[in-house]
Amino acid sequence: MKQLKKIKFQEFGSLIALFLLVIVISFISKDFRTIDNFLSLLRQSSINGLIAFGMTLVILTGGIDLSVGSVLAFTAAIAAKLIVSGVSSPIAMLIALIIGVLLGLLTGLMITKGRLQPFIATLISMTVFRGATMIFSKGKPISGLVGNDAFSNSFLSFIGKGSVLGIPTPVWILVISFILVYFLLHNTTFGRKVYSVGSNAKAAALAGINITKTKLMVYAFSGFFASLAGMILLSRLGSAQPTLGSGYELDAIAAVALGGTSLSDGRGKIFGTLIGILIIAVLNNGLNIIGVTSYYQDVIKGVVILIAVLSDKER
């Protein structure tokens with residue numbers, strides 16, 4: 001009975017933590033518990049959320065992806081440059097998303113065919129893609145989107161600044177992406193392969209699972225979600241900064257860890273990642289409202305991640 005209770009607590013621990021965090025911050029500041037603030041919080045969480053969904057797939061296979069922030073920056077710069085050059089925003093967005101997938105596949109090839117450790121391979125990708133962004137943008141922001149009719153009245157502008165039924169469009173995109181990933185993991189053979197590869201790659205190979213193909217697909221998904229997050233961020237900012245997305249991989253990994261996904265043996269659920277995303281968002285939003293400086297925020301987030309990793313070892 002005690003063991004059953006322990007399992008239940010571990011399973012719902014992140015949800016309980018989110019609930020307590022919301023209560024505490026709501027008690028400290030009345031500004032936090034407004035509808036406008038909650039909508040703003042959800043809008044802000046969409047960027048990290050999309051990246052974290054892709055990161056969850058990667059981590060479930062026993063990998064890691066440190067390049068997502070650089071992929072976000074590079075694809076946003078590509079889309080911005082195309083739009084400024086006169087390309088319609090839907091085409092620019094499509095090209096950017098395809099490039100994001102290709103960058104993810106390139107990283108996956110270094111891991112599967114090059115036999116590099118995921119940490120090393122994605123560290124290389126992170127550095128190269130960031131450098132490529134700097135070269136492409138010449139180290140300067142790519143602006144000119146604000147006031148550009150091809151951008152202002154486009155779908156690309158809508159996905160970052162629009163709303164449907166009073167709810168920001170990025171939140172809808174986050175929800176739809178969550179449903180998509182949930183379906184892939186729990187209702188398709190691809191999802192079963194992801195869990196099998198992460199839990200025991202050798203056994204999965206003996207069972208006839210194509211390890212290389214599975215890993216390539218998860219890194220492609222990671223690149224896609226990172227570039228989609230880049231499109232939303234580009235829409236909101238109206239320009240592409242060469243430093244865009246710096247450090248985003250850490251928040252994504254933190255959300256995955258907080259959600260209970262194991263960093264080593266293919267255990268975890270996408271619903272847990274969603275809770276982890278909301279914990280990070282509530283923490284960032286609450287600390288900003290309370291007036292905690294960014295330096296202390298980093299320390300607090302680091303402690304939260306430490307607690308999550310230690311609880312993962314306990315599980």
# chains A, B, ... in the order shown; residues from 1 in each chain; ligands from 1
>>> residues_around(residues="A:Val58", least_positions_apart="6", cutoff="9 Å", atoms="only C-alpha atoms", output="list in words")
Ile64, Asp65, Val194, Lys215, Val218, Tyr219, Phe221 and Ser222 of chain A
>>> closest_atom_pairs(of="stretch 83-126 of chain A", to="stretch 30-54 of chain A", cutoff="12 Å", atoms="only C-alpha atoms", output="CSV")
residue,atom,partner,partner_atom,distance
A:Gly100,CA,A:Gly54,CA,11.9
A:Val101,CA,A:Gly54,CA,11.3
A:Gly104,CA,A:Gly54,CA,10.3
>>> write_last_selection(atoms="C-alpha atoms", output="compact mmCIF listing (two decimals), in the first residue's frame")
# COMPACT_ATOMS: atom_id res chain seq x y z
CA GLY A 100 14.18 23.32 -39.41
CA VAL A 101 13.33 19.69 -40.19
CA GLY A 104 17.14 18.26 -37.16
>>> closest_residue(among="A:Ile99, A:Leu106, A:Ala73, A:Leu15", to="A:Leu216", atoms="only C-alpha atoms")
A:Leu106
>>> residues_around(residues="stretch 122-135 of chain A", least_positions_apart="4", cutoff="6 Å", atoms="only C-alpha atoms", output="PDB file with all heavy atoms, in the first residue's frame")
ATOM      1  N   ASP A  65      18.960  17.380 -27.109  1.00  0.00           N
ATOM      2  CA  ASP A  65      19.113  18.293 -28.245  1.00  0.00           C
ATOM      3  C   ASP A  65      19.406  19.703 -27.740  1.00  0.00           C
ATOM      4  O   ASP A  65      18.519  20.429 -27.312  1.00  0.00           O
ATOM      5  CB  ASP A  65      17.850  18.300 -29.111  1.00  0.00           C
ATOM      6  CG  ASP A  65      18.080  18.996 -30.454  1.00  0.00           C
ATOM      7  OD1 ASP A  65      19.165  19.577 -30.627  1.00  0.00           O
ATOM      8  OD2 ASP A  65      17.179  18.950 -31.316  1.00  0.00           O
ATOM      9  N   LEU A  66      20.683  20.067 -27.798  1.00  0.00           N
ATOM     10  CA  LEU A  66      21.118  21.387 -27.362  1.00  0.00           C
ATOM     11  C   LEU A  66      21.041  22.419 -28.484  1.00  0.00           C
ATOM     12  O   LEU A  66      21.304  23.595 -28.245  1.00  0.00           O
ATOM     13  CB  LEU A  66      22.566  21.314 -26.848  1.00  0.00           C
ATOM     14  CG  LEU A  66      22.843  20.350 -25.694  1.00  0.00           C
ATOM     15  CD1 LEU A  66      24.331  20.362 -25.356  1.00  0.00           C
ATOM     16  CD2 LEU A  66      22.024  20.712 -24.472  1.00  0.00           C
ATOM     17  N   SER A  67      20.652  21.991 -29.674  1.00  0.00           N
ATOM     18  CA  SER A  67      20.707  22.889 -30.832  1.00  0.00           C
ATOM     19  C   SER A  67      19.393  23.626 -31.095  1.00  0.00           C
ATOM     20  O   SER A  67      19.328  24.442 -32.012  1.00  0.00           O
ATOM     21  CB  SER A  67      21.073  22.085 -32.086  1.00  0.00           C
ATOM     22  OG  SER A  67      20.033  21.202 -32.457  1.00  0.00           O
ATOM     23  N   SER A  70      19.412  27.436 -31.436  1.00  0.00           N
ATOM     24  CA  SER A  70      20.098  27.886 -32.646  1.00  0.00           C
ATOM     25  C   SER A  70      19.254  27.624 -33.892  1.00  0.00           C
ATOM     26  O   SER A  70      19.247  28.426 -34.833  1.00  0.00           O
ATOM     27  CB  SER A  70      21.449  27.172 -32.775  1.00  0.00           C
ATOM     28  OG  SER A  70      22.299  27.483 -31.682  1.00  0.00           O
ATOM     29  N   PHE A  74      18.086  30.500 -36.519  1.00  0.00           N
ATOM     30  CA  PHE A  74      18.439  30.417 -37.931  1.00  0.00           C
ATOM     31  C   PHE A  74      17.202  30.427 -38.824  1.00  0.00           C
ATOM     32  O   PHE A  74      17.149  31.151 -39.830  1.00  0.00           O
ATOM     33  CB  PHE A  74      19.259  29.151 -38.190  1.00  0.00           C
ATOM     34  CG  PHE A  74      19.790  29.051 -39.590  1.00  0.00           C
ATOM     35  CD1 PHE A  74      20.749  29.939 -40.047  1.00  0.00           C
ATOM     36  CD2 PHE A  74      19.333  28.074 -40.447  1.00  0.00           C
ATOM     37  CE1 PHE A  74      21.246  29.863 -41.346  1.00  0.00           C
ATOM     38  CE2 PHE A  74      19.820  27.978 -41.750  1.00  0.00           C
ATOM     39  CZ  PHE A  74      20.777  28.875 -42.198  1.00  0.00           C
ATOM     40  N   PRO A 118      24.926  12.052 -28.362  1.00  0.00           N
ATOM     41  CA  PRO A 118      23.953  13.129 -28.590  1.00  0.00           C
ATOM     42  C   PRO A 118      24.391  14.479 -28.016  1.00  0.00           C
ATOM     43  O   PRO A 118      24.173  15.511 -28.645  1.00  0.00           O
ATOM     44  CB  PRO A 118      22.696  12.609 -27.885  1.00  0.00           C
ATOM     45  CG  PRO A 118      22.820  11.126 -27.983  1.00  0.00           C
ATOM     46  CD  PRO A 118      24.282  10.838 -27.818  1.00  0.00           C
ATOM     47  N   GLY A 139      25.392  39.552 -38.146  1.00  0.00           N
ATOM     48  CA  GLY A 139      25.421  39.945 -36.738  1.00  0.00           C
ATOM     49  C   GLY A 139      24.448  41.039 -36.372  1.00  0.00           C
ATOM     50  O   GLY A 139      24.529  41.605 -35.278  1.00  0.00           O
ATOM     51  N   PRO A 242      19.898  37.890 -34.196  1.00  0.00           N
ATOM     52  CA  PRO A 242      20.830  36.759 -34.348  1.00  0.00           C
ATOM     53  C   PRO A 242      21.039  35.974 -33.058  1.00  0.00           C
ATOM     54  O   PRO A 242      21.476  34.824 -33.101  1.00  0.00           O
ATOM     55  CB  PRO A 242      22.129  37.439 -34.803  1.00  0.00           C
ATOM     56  CG  PRO A 242      21.996  38.867 -34.390  1.00  0.00           C
ATOM     57  CD  PRO A 242      20.535  39.190 -34.464  1.00  0.00           C
TER      58      PRO A 242
END
>>> closest_residue(among="A:Ile59, A:Val292, A:Ala76, A:Leu21", to="A:Ala229", atoms="only C-alpha atoms")
A:Ala76
>>> select_by_dssp(residues="stretch 41-215 of chain A", states="helix (DSSP H, G or I)", output="PyMOL selection string")
chain A and resi 41-60+68-84+89-112+118-137+149-152+155-161+169-187+189-199+201-206+211-215
>>> write_last_selection(atoms="C-alpha atoms", output="CSV table (one decimal), in the first residue's frame")
chain,number,residue,atom,x,y,z
A,41,LEU,CA,1.4,33.5,-19.2
A,42,LEU,CA,0.0,30.9,-21.5
A,43,ARG,CA,1.1,32.9,-24.6
A,44,GLN,CA,4.6,33.2,-23.2
A,45,SER,CA,4.7,29.4,-22.4
A,46,SER,CA,3.9,28.5,-26.0
A,47,ILE,CA,7.5,29.1,-27.2
A,48,ASN,CA,9.1,26.9,-24.6
A,49,GLY,CA,6.2,24.5,-24.9
A,50,LEU,CA,6.7,23.7,-28.5
A,51,ILE,CA,10.5,23.3,-28.0
A,52,ALA,CA,9.8,21.0,-25.0
A,53,PHE,CA,7.5,18.8,-27.0
A,54,GLY,CA,10.3,18.1,-29.5
A,55,MET,CA,12.8,17.7,-26.7
A,56,THR,CA,10.5,15.1,-25.0
A,57,LEU,CA,10.6,12.9,-28.1
A,58,VAL,CA,14.4,13.2,-28.2
A,59,ILE,CA,14.9,12.5,-24.5
A,60,LEU,CA,12.6,9.5,-24.6
A,68,VAL,CA,17.0,23.9,-30.6
A,69,GLY,CA,17.7,27.5,-29.7
A,70,SER,CA,20.1,27.9,-32.6
A,71,VAL,CA,17.6,26.2,-35.0
A,72,LEU,CA,15.0,28.7,-33.8
A,73,ALA,CA,17.3,31.6,-34.5
A,74,PHE,CA,18.4,30.4,-37.9
A,75,THR,CA,15.0,29.6,-39.3
A,76,ALA,CA,13.5,32.9,-38.0
A,77,ALA,CA,16.3,34.7,-39.7
A,78,ILE,CA,15.6,32.8,-43.0
A,79,ALA,CA,11.9,33.6,-42.8
A,80,ALA,CA,12.5,37.3,-42.0
A,81,LYS,CA,15.0,37.7,-44.8
A,82,LEU,CA,12.7,36.1,-47.4
A,83,ILE,CA,9.7,38.3,-46.4
A,84,VAL,CA,11.8,41.5,-46.5
A,89,SER,CA,5.0,35.1,-45.7
A,90,PRO,CA,3.2,31.6,-46.0
A,91,ILE,CA,6.0,30.5,-48.5
A,92,ALA,CA,8.7,32.0,-46.2
A,93,MET,CA,7.2,30.2,-43.2
A,94,LEU,CA,7.0,26.9,-45.1
A,95,ILE,CA,10.6,27.2,-46.3
A,96,ALA,CA,11.8,28.0,-42.7
A,97,LEU,CA,9.9,24.9,-41.3
A,98,ILE,CA,11.4,22.6,-43.9
A,99,ILE,CA,14.9,24.0,-43.1
A,100,GLY,CA,14.2,23.3,-39.4
A,101,VAL,CA,13.3,19.7,-40.2
A,102,LEU,CA,16.5,19.3,-42.3
A,103,LEU,CA,18.7,20.8,-39.6
A,104,GLY,CA,17.1,18.3,-37.2
A,105,LEU,CA,17.8,15.4,-39.6
A,106,LEU,CA,21.4,16.6,-40.0
A,107,THR,CA,21.9,16.4,-36.2
A,108,GLY,CA,20.3,13.0,-36.2
A,109,LEU,CA,22.7,11.8,-38.9
A,110,MET,CA,25.7,12.9,-36.9
A,111,ILE,CA,24.3,10.7,-34.0
A,112,THR,CA,23.2,7.7,-36.0
A,118,PRO,CA,24.0,13.1,-28.6
A,119,PHE,CA,25.4,15.7,-26.2
A,120,ILE,CA,28.5,16.2,-28.4
A,121,ALA,CA,26.6,16.1,-31.7
A,122,THR,CA,24.0,18.7,-30.6
A,123,LEU,CA,26.7,20.8,-29.0
A,124,ILE,CA,28.4,21.0,-32.4
A,125,SER,CA,25.0,21.7,-34.1
A,126,MET,CA,24.3,24.4,-31.6
A,127,THR,CA,27.6,26.1,-32.3
A,128,VAL,CA,27.5,25.7,-36.1
A,129,PHE,CA,23.9,26.8,-36.5
A,130,ARG,CA,24.4,29.9,-34.3
A,131,GLY,CA,27.5,30.8,-36.3
A,132,ALA,CA,25.5,30.4,-39.5
A,133,THR,CA,22.8,32.7,-38.2
A,134,MET,CA,25.5,35.3,-37.4
A,135,ILE,CA,26.9,35.0,-40.8
A,136,PHE,CA,23.6,35.1,-42.6
A,137,SER,CA,22.4,38.1,-40.6
A,149,ASP,CA,1.9,44.5,-45.8
A,150,ALA,CA,3.2,41.1,-46.8
A,151,PHE,CA,3.8,40.4,-43.1
A,152,SER,CA,1.2,42.5,-41.2
A,155,PHE,CA,-1.0,34.2,-41.4
A,156,LEU,CA,2.5,34.4,-40.0
A,157,SER,CA,1.5,37.6,-38.2
A,158,PHE,CA,-1.7,36.0,-37.0
A,159,ILE,CA,0.0,33.0,-35.4
A,160,GLY,CA,2.0,35.2,-33.0
A,161,LYS,CA,-0.3,38.2,-32.5
A,169,THR,CA,-3.3,31.9,-31.3
A,170,PRO,CA,0.1,30.6,-29.9
A,171,VAL,CA,-1.9,28.9,-27.1
A,172,TRP,CA,-4.1,27.1,-29.7
A,173,ILE,CA,-1.0,26.0,-31.5
A,174,LEU,CA,0.4,24.7,-28.3
A,175,VAL,CA,-2.7,22.7,-27.6
A,176,ILE,CA,-2.9,21.3,-31.1
A,177,SER,CA,0.8,20.3,-30.9
A,178,PHE,CA,0.2,18.6,-27.6
A,179,ILE,CA,-2.7,16.6,-29.0
A,180,LEU,CA,-0.5,15.6,-32.0
A,181,VAL,CA,2.4,14.5,-29.9
A,182,TYR,CA,0.1,12.7,-27.5
A,183,PHE,CA,-1.5,10.8,-30.3
A,184,LEU,CA,1.9,9.9,-31.9
A,185,LEU,CA,3.3,8.6,-28.6
A,186,HIS,CA,0.2,6.6,-27.4
A,187,ASN,CA,-1.6,5.6,-30.5
A,189,THR,CA,3.7,2.3,-33.8
A,190,PHE,CA,6.1,5.3,-34.0
A,191,GLY,CA,5.3,6.0,-30.3
A,192,ARG,CA,5.9,2.5,-29.3
A,193,LYS,CA,9.2,2.5,-31.1
A,194,VAL,CA,10.3,5.7,-29.4
A,195,TYR,CA,9.7,4.2,-25.9
A,196,SER,CA,11.4,0.9,-26.9
A,197,VAL,CA,14.5,2.6,-28.2
A,198,GLY,CA,14.8,4.7,-25.1
A,199,SER,CA,14.2,1.8,-22.7
A,201,ALA,CA,18.0,0.0,-27.8
A,202,LYS,CA,19.6,-3.4,-28.2
A,203,ALA,CA,16.4,-5.2,-27.4
A,204,ALA,CA,14.5,-2.9,-29.8
A,205,ALA,CA,17.0,-3.7,-32.5
A,206,LEU,CA,16.5,-7.4,-31.9
A,211,ILE,CA,16.9,2.5,-34.5
A,212,THR,CA,18.4,4.9,-37.0
A,213,LYS,CA,15.1,5.8,-38.6
A,214,THR,CA,13.4,6.3,-35.2
A,215,LYS,CA,16.1,8.6,-34.0
>>> closest_residue(among="A:Ser239, A:Thr61, A:Gln117, A:Asn284", to="A:Ile142", atoms="only C-alpha atoms")
A:Ser239
>>> atom_distance(atom1="atom CA of A:Gly276", atom2="atom CA of A:Leu310")
15.2 Å
>>> closest_residue(among="A:Ser29, A:Ile279, A:Gly166, A:Thr188", to="A:Val304", atoms="only C-alpha atoms")
A:Ile279
>>> residues_around(residues="A:Leu258", least_positions_apart="4", cutoff="10 Å", atoms="only C-alpha atoms", output="ChimeraX atom specification")
/A:13-15,17,252-254,262,272-280,304-309,311-312
>>> closest_residue(among="A:Gly266, A:Leu18, A:Leu234, A:Arg115", to="A:Asn200", atoms="only C-alpha atoms")
A:Gly266
>>> atom_distance(atom1="atom CA of A:Ile28", atom2="atom CA of A:Asn285")
12.8 Å
>>> closest_residue(among="A:Asn210, A:Ser163, A:Thr293, A:Ser143", to="A:Ala240", atoms="only C-alpha atoms")
A:Ser143
